[in-house]
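Structure first, then comments.
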Amino acid sequence: MRLRNVPGSREVIAENEYVVHDEKTKKGNWALVFGNDHPIHVEIGMGKGSFLMEMARLHPEINYLGIEKYSSVLLRAIEKHEEAPELTNLMFIRMDAEEIEDVFAPGEIAYIYLNFSDPWPKDRHAKRRLTSDRFLGRYERLLAEGGGVTFKTDNVDLFDFSVESAEACGWERLAISRDLHSSPYAEGNVMTEYERKFSGLGNKICMLKIRPGR
C-alpha cells in the first residue's frame, strides 16, 4: 500500500530543485526546462522512482519526467535523486494524470511508460484506468510521431482490459508477453520496485508495447 501522508512532504516538494513547479506554464516549452531538445519520456505513476533513475542513467540522451500524484511517494523519489545529482536529465512532477493535456502540448512527449498502474477493479471506475480509451486518446494527441507506450502489470484482468482497449482504439501492437521475465523481451528490461516485489512472489509480469495506429 502506498503511503499517502508523510508530515511535511508537500513543503519539501515545494522547495525541491528536482520537482518542476507551475508545470502547466511549461506546456510547449519543456525543452527550456531541460535546456536541450532531447526527446522527453514520461512515466505516469512513477512510485518511488527506481525505474526512471535507472533509465536516466542508461540513456543520458533522453530527458525523463516522472509523474506522481502522492506527495509521500514522490518524497521517496526525491531522496533517491538527491543521492544521484548527476542525473540532470531527470525531473519530477506532482500531479494527477487527469491533467496531462494541461501540462504537455501535442507531439511534445516521445514515449510513455505505465508501470503497475492502479487497476481500478470496479467496472464503474474503468475510465480511470490509465489504459482506458479516454487515456489512450490523450496519449495519442500528446505523442510525437513514432512514439508509443509500454505497459507492465502483474494484474491479469487489467492486462486483458488494456489489450482489448488498445485494439478497440486502433493502436498498433508492437510486443506482448504474459510472462515477461521468461520471454525474449526480458533482455534490457528495467524493473520497477513493484516488479521486483511481485516477481519475487512468483507472479508473472505482463508487458504490452503499443503505438497509435496513425
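Following the order of the C-alpha cells, chains are lettered A, B, ..., residues in each are numbered from 1, and ligands are numbered from 1.
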- Task: Report the residues of region 28-206 of chain A whose backbone DSSP state falls under strand (DSSP E or B), written as a ChimeraX atom specification.
- Result: /A:40-44,63-68,90-94,109-115,143-153,172-177,206
- Message: At a cut-off of 6 Å, using only C-alpha atoms, what residues contact Val73 (chain A)? Leave out same-chain residues fewer than 3 positions from it and give the result as a ChimeraX atom specification.
- Response: /A:47-48,70,76
- Task: Just the residues within 12 Å of region 30-33 of chain A, please, counting only C-alpha atoms, with nothing from its chain fewer than 3 positions along; format it as a VMD selection string.
- Result: chain A and resid 17 to 27 36 to 42 62 to 65 88 to 92 103 to 105 107 to 110
- Task: Tell me which protein, DNA and RNA residues are within 12 Å of Asp133 (chain A), counting only C-alpha atoms, leaving out same-chain ones fewer than 6 positions away, and put them as a ChimeraX atom specification.
- Result: /A:126-127,139-140,161-171,212
Dump of all heavy atoms for the selected residues, as a compact mmCIF listing (two decimals), in the first residue's frame:
```txt
# COMPACT_ATOMS: atom_id res chain seq x y z
N ALA A 126 -13.76 2.10 -14.63
CA ALA A 126 -12.92 1.68 -15.76
C ALA A 126 -12.26 2.86 -16.48
O ALA A 126 -11.12 2.75 -16.93
CB ALA A 126 -13.75 0.86 -16.75
N LYS A 127 -12.95 3.99 -16.57
CA LYS A 127 -12.39 5.14 -17.29
C LYS A 127 -11.19 5.74 -16.57
O LYS A 127 -10.43 6.51 -17.16
CB LYS A 127 -13.47 6.21 -17.51
CG LYS A 127 -14.50 5.81 -18.56
CD LYS A 127 -15.41 6.97 -18.87
CE LYS A 127 -16.40 6.62 -19.97
NZ LYS A 127 -15.71 6.38 -21.25
N TYR A 139 -3.04 10.18 -24.84
CA TYR A 139 -1.68 9.84 -25.23
C TYR A 139 -1.46 10.03 -26.72
O TYR A 139 -0.42 10.52 -27.15
CB TYR A 139 -1.36 8.38 -24.86
CG TYR A 139 -1.60 8.00 -23.43
CD1 TYR A 139 -1.90 6.67 -23.09
CD2 TYR A 139 -1.53 8.93 -22.40
CE1 TYR A 139 -2.13 6.30 -21.78
CE2 TYR A 139 -1.77 8.56 -21.08
CZ TYR A 139 -2.07 7.24 -20.78
OH TYR A 139 -2.30 6.87 -19.48
N GLU A 140 -2.45 9.63 -27.49
CA GLU A 140 -2.31 9.75 -28.95
C GLU A 140 -2.11 11.20 -29.36
O GLU A 140 -1.32 11.50 -30.26
CB GLU A 140 -3.53 9.16 -29.65
CG GLU A 140 -3.41 9.15 -31.16
CD GLU A 140 -4.47 8.30 -31.83
OE1 GLU A 140 -5.35 7.75 -31.14
OE2 GLU A 140 -4.43 8.18 -33.07
N PHE A 161 -7.90 -6.16 -20.07
CA PHE A 161 -8.62 -4.92 -20.38
C PHE A 161 -7.78 -4.01 -21.26
O PHE A 161 -8.29 -3.42 -22.23
CB PHE A 161 -8.98 -4.21 -19.07
CG PHE A 161 -9.49 -2.81 -19.25
CD1 PHE A 161 -10.83 -2.56 -19.47
CD2 PHE A 161 -8.61 -1.72 -19.19
CE1 PHE A 161 -11.30 -1.27 -19.63
CE2 PHE A 161 -9.06 -0.43 -19.36
CZ PHE A 161 -10.42 -0.19 -19.58
N SER A 162 -6.50 -3.89 -20.95
CA SER A 162 -5.62 -2.98 -21.67
C SER A 162 -5.39 -3.44 -23.11
O SER A 162 -5.38 -2.61 -24.04
CB SER A 162 -4.27 -2.88 -20.94
OG SER A 162 -4.48 -2.45 -19.60
N VAL A 163 -5.21 -4.73 -23.30
CA VAL A 163 -5.05 -5.27 -24.65
C VAL A 163 -6.30 -5.00 -25.48
O VAL A 163 -6.21 -4.55 -26.64
CB VAL A 163 -4.74 -6.79 -24.58
CG1 VAL A 163 -4.78 -7.40 -25.98
CG2 VAL A 163 -3.39 -7.04 -23.93
N GLU A 164 -7.46 -5.25 -24.90
CA GLU A 164 -8.73 -5.03 -25.60
C GLU A 164 -8.95 -3.54 -25.88
O GLU A 164 -9.43 -3.16 -26.96
CB GLU A 164 -9.88 -5.59 -24.78
CG GLU A 164 -9.87 -7.11 -24.66
CD GLU A 164 -10.87 -7.63 -23.66
OE1 GLU A 164 -11.66 -6.81 -23.12
OE2 GLU A 164 -10.88 -8.85 -23.40
N SER A 165 -8.60 -2.70 -24.91
CA SER A 165 -8.77 -1.26 -25.07
C SER A 165 -7.90 -0.73 -26.21
O SER A 165 -8.36 0.05 -27.05
CB SER A 165 -8.42 -0.55 -23.76
OG SER A 165 -8.55 0.84 -23.88
N ALA A 166 -6.64 -1.15 -26.25
CA ALA A 166 -5.73 -0.70 -27.30
C ALA A 166 -6.22 -1.15 -28.68
O ALA A 166 -6.18 -0.39 -29.65
CB ALA A 166 -4.33 -1.23 -27.03
N GLU A 167 -6.70 -2.37 -28.75
CA GLU A 167 -7.20 -2.89 -30.02
C GLU A 167 -8.44 -2.12 -30.47
O GLU A 167 -8.56 -1.74 -31.64
CB GLU A 167 -7.53 -4.37 -29.87
CG GLU A 167 -8.01 -5.02 -31.16
CD GLU A 167 -8.26 -6.51 -31.02
OE1 GLU A 167 -7.87 -7.09 -29.99
OE2 GLU A 167 -8.84 -7.11 -31.96
N ALA A 168 -9.35 -1.85 -29.55
CA ALA A 168 -10.57 -1.12 -29.87
C ALA A 168 -10.28 0.31 -30.33
O ALA A 168 -11.02 0.87 -31.15
CB ALA A 168 -11.50 -1.10 -28.66
N CYS A 169 -9.19 0.89 -29.82
CA CYS A 169 -8.82 2.26 -30.18
C CYS A 169 -7.94 2.33 -31.43
O CYS A 169 -7.51 3.41 -31.83
CB CYS A 169 -8.11 2.93 -29.01
SG CYS A 169 -9.18 3.24 -27.58
N GLY A 170 -7.66 1.17 -32.02
CA GLY A 170 -6.89 1.14 -33.26
C GLY A 170 -5.39 1.30 -33.08
O GLY A 170 -4.69 1.62 -34.04
N TRP A 171 -4.88 1.05 -31.87
CA TRP A 171 -3.44 1.14 -31.65
C TRP A 171 -2.75 -0.10 -32.21
O TRP A 171 -3.30 -1.21 -32.19
CB TRP A 171 -3.14 1.26 -30.16
CG TRP A 171 -3.38 2.64 -29.61
CD1 TRP A 171 -4.55 3.35 -29.67
CD2 TRP A 171 -2.46 3.47 -28.92
NE1 TRP A 171 -4.40 4.57 -29.06
CE2 TRP A 171 -3.13 4.67 -28.59
CE3 TRP A 171 -1.13 3.32 -28.54
CZ2 TRP A 171 -2.51 5.71 -27.90
CZ3 TRP A 171 -0.50 4.36 -27.84
CH2 TRP A 171 -1.19 5.54 -27.54
N PRO A 212 0.16 4.50 -31.48
CA PRO A 212 -1.06 4.90 -32.19
C PRO A 212 -1.06 4.39 -33.63
O PRO A 212 -0.04 4.44 -34.31
CB PRO A 212 -1.02 6.43 -32.14
CG PRO A 212 -0.18 6.74 -30.96
CD PRO A 212 0.86 5.67 -30.90
```
- Between A:Arg138, A:Lys204, A:Arg10, A:Arg211, which one has atoms that come closest to Ser71 (chain A), using only C-alpha atoms?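 With only C-alpha atoms as the atom set, the closest residue is A:Arg10.
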- Task: Choose the residue, out of A:Asn16, A:Thr131, A:Ser177, A:Ser117, that has the smallest atom-to-atom separation from Thr192 (chain A); count only C-alpha atoms.
- Result: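 Going through A:Asn16, A:Thr131, A:Ser177, A:Ser117 one by one, the smallest distance to Thr192 (chain A) is for A:Ser117.
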- Message: Rounded to one decimal, what separation in Å do you get between CA of Ala14 (chain A) and CA of Ile112 (chain A)?
- Response: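 It comes out at 25.0 Å.
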- Identify which of the residues A:Glu83, A:Ile67, A:Asn29, A:Leu180 lies closest to Glu99 (chain A), counting only C-alpha atoms when measuring atom-to-atom distances. A:Ile67
- Message: What does the structure give for the distance between CA of Gly45 (chain A) and CA of Ser132 (chain A), in Å to one decimal?
- Response: 15.1 Å
- Query: Of the candidates A:Leu158, A:Met95, A:Ala77, A:Met207, which one gets nearest to Asp118 (chain A) if we count only C-alpha atoms?
  - Reply: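 Under the stated criterion, the closest residue is A:Leu158.
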- Message: What's around Leu174 (chain A) at 9 Å? Count only C-alpha atoms, leave out sequence neighbours fewer than 2 positions away in its own chain, and write the answer as a ChimeraX atom specification.
- Response: /A:172,176,208-211
Take the residues that were just selected and, keeping all heavy atoms, output them as an mmCIF file, in the first residue's frame.
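Saved the output as part.cif:
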```
data_model
loop_
_atom_site.group_PDB
_atom_site.id
_atom_site.type_symbol
_atom_site.label_atom_id
_atom_site.label_comp_id
_atom_site.auth_asym_id
_atom_site.auth_seq_id
_atom_site.Cartn_x
_atom_site.Cartn_y
_atom_site.Cartn_z
ATOM 1 N N GLU A 172 -1.544 0.099 -32.686
ATOM 2 C CA GLU A 172 -0.757 -0.995 -33.241
ATOM 3 C C GLU A 172 0.008 -1.705 -32.120
ATOM 4 O O GLU A 172 0.678 -1.056 -31.317
ATOM 5 C CB GLU A 172 0.235 -0.454 -34.269
ATOM 6 C CG GLU A 172 1.113 -1.511 -34.901
ATOM 7 C CD GLU A 172 2.143 -0.925 -35.853
ATOM 8 O OE1 GLU A 172 2.108 0.310 -36.086
ATOM 9 O OE2 GLU A 172 2.993 -1.692 -36.344
ATOM 10 N N ILE A 176 4.034 -8.126 -27.049
ATOM 11 C CA ILE A 176 3.163 -8.550 -25.962
ATOM 12 C C ILE A 176 3.742 -9.798 -25.314
ATOM 13 O O ILE A 176 4.314 -10.654 -26.003
ATOM 14 C CB ILE A 176 1.725 -8.819 -26.462
ATOM 15 C CG1 ILE A 176 0.783 -9.114 -25.286
ATOM 16 C CG2 ILE A 176 1.695 -9.939 -27.483
ATOM 17 C CD1 ILE A 176 -0.694 -9.161 -25.682
ATOM 18 N N LEU A 208 3.036 -5.009 -22.489
ATOM 19 C CA LEU A 208 2.425 -4.637 -23.762
ATOM 20 C C LEU A 208 3.096 -3.378 -24.283
ATOM 21 O O LEU A 208 3.209 -2.389 -23.551
ATOM 22 C CB LEU A 208 0.928 -4.393 -23.583
ATOM 23 C CG LEU A 208 0.127 -3.944 -24.805
ATOM 24 C CD1 LEU A 208 0.056 -5.061 -25.838
ATOM 25 C CD2 LEU A 208 -1.279 -3.503 -24.394
ATOM 26 N N LYS A 209 3.535 -3.416 -25.531
ATOM 27 C CA LYS A 209 4.077 -2.235 -26.195
ATOM 28 C C LYS A 209 3.181 -1.898 -27.379
ATOM 29 O O LYS A 209 2.903 -2.751 -28.230
ATOM 30 C CB LYS A 209 5.513 -2.474 -26.682
ATOM 31 C CG LYS A 209 6.535 -2.543 -25.574
ATOM 32 C CD LYS A 209 7.952 -2.617 -26.142
ATOM 33 C CE LYS A 209 8.984 -2.658 -25.030
ATOM 34 N NZ LYS A 209 10.373 -2.653 -25.540
ATOM 35 N N ILE A 210 2.711 -0.653 -27.426
ATOM 36 C CA ILE A 210 1.788 -0.226 -28.466
ATOM 37 C C ILE A 210 2.142 1.171 -28.963
ATOM 38 O O ILE A 210 2.880 1.907 -28.298
ATOM 39 C CB ILE A 210 0.336 -0.223 -27.945
ATOM 40 C CG1 ILE A 210 0.242 0.611 -26.643
ATOM 41 C CG2 ILE A 210 -0.170 -1.636 -27.717
ATOM 42 C CD1 ILE A 210 -1.163 0.750 -26.078
ATOM 43 N N ARG A 211 1.604 1.500 -30.122
ATOM 44 C CA ARG A 211 1.732 2.861 -30.610
ATOM 45 C C ARG A 211 0.462 3.214 -31.386
ATOM 46 O O ARG A 211 -0.255 2.311 -31.881
ATOM 47 C CB ARG A 211 2.956 3.020 -31.510
ATOM 48 C CG ARG A 211 2.915 2.255 -32.821
ATOM 49 C CD ARG A 211 4.223 2.435 -33.575
ATOM 50 N NE ARG A 211 4.253 1.622 -34.791
ATOM 51 C CZ ARG A 211 5.349 1.400 -35.516
ATOM 52 N NH1 ARG A 211 6.508 1.909 -35.126
ATOM 53 N NH2 ARG A 211 5.288 0.655 -36.601
#
```
- Counting only C-alpha atoms, which of A:Ala56, A:Leu87, A:Ala97, A:Ile44 gets nearest to Phe151 (chain A)? A:Ile44
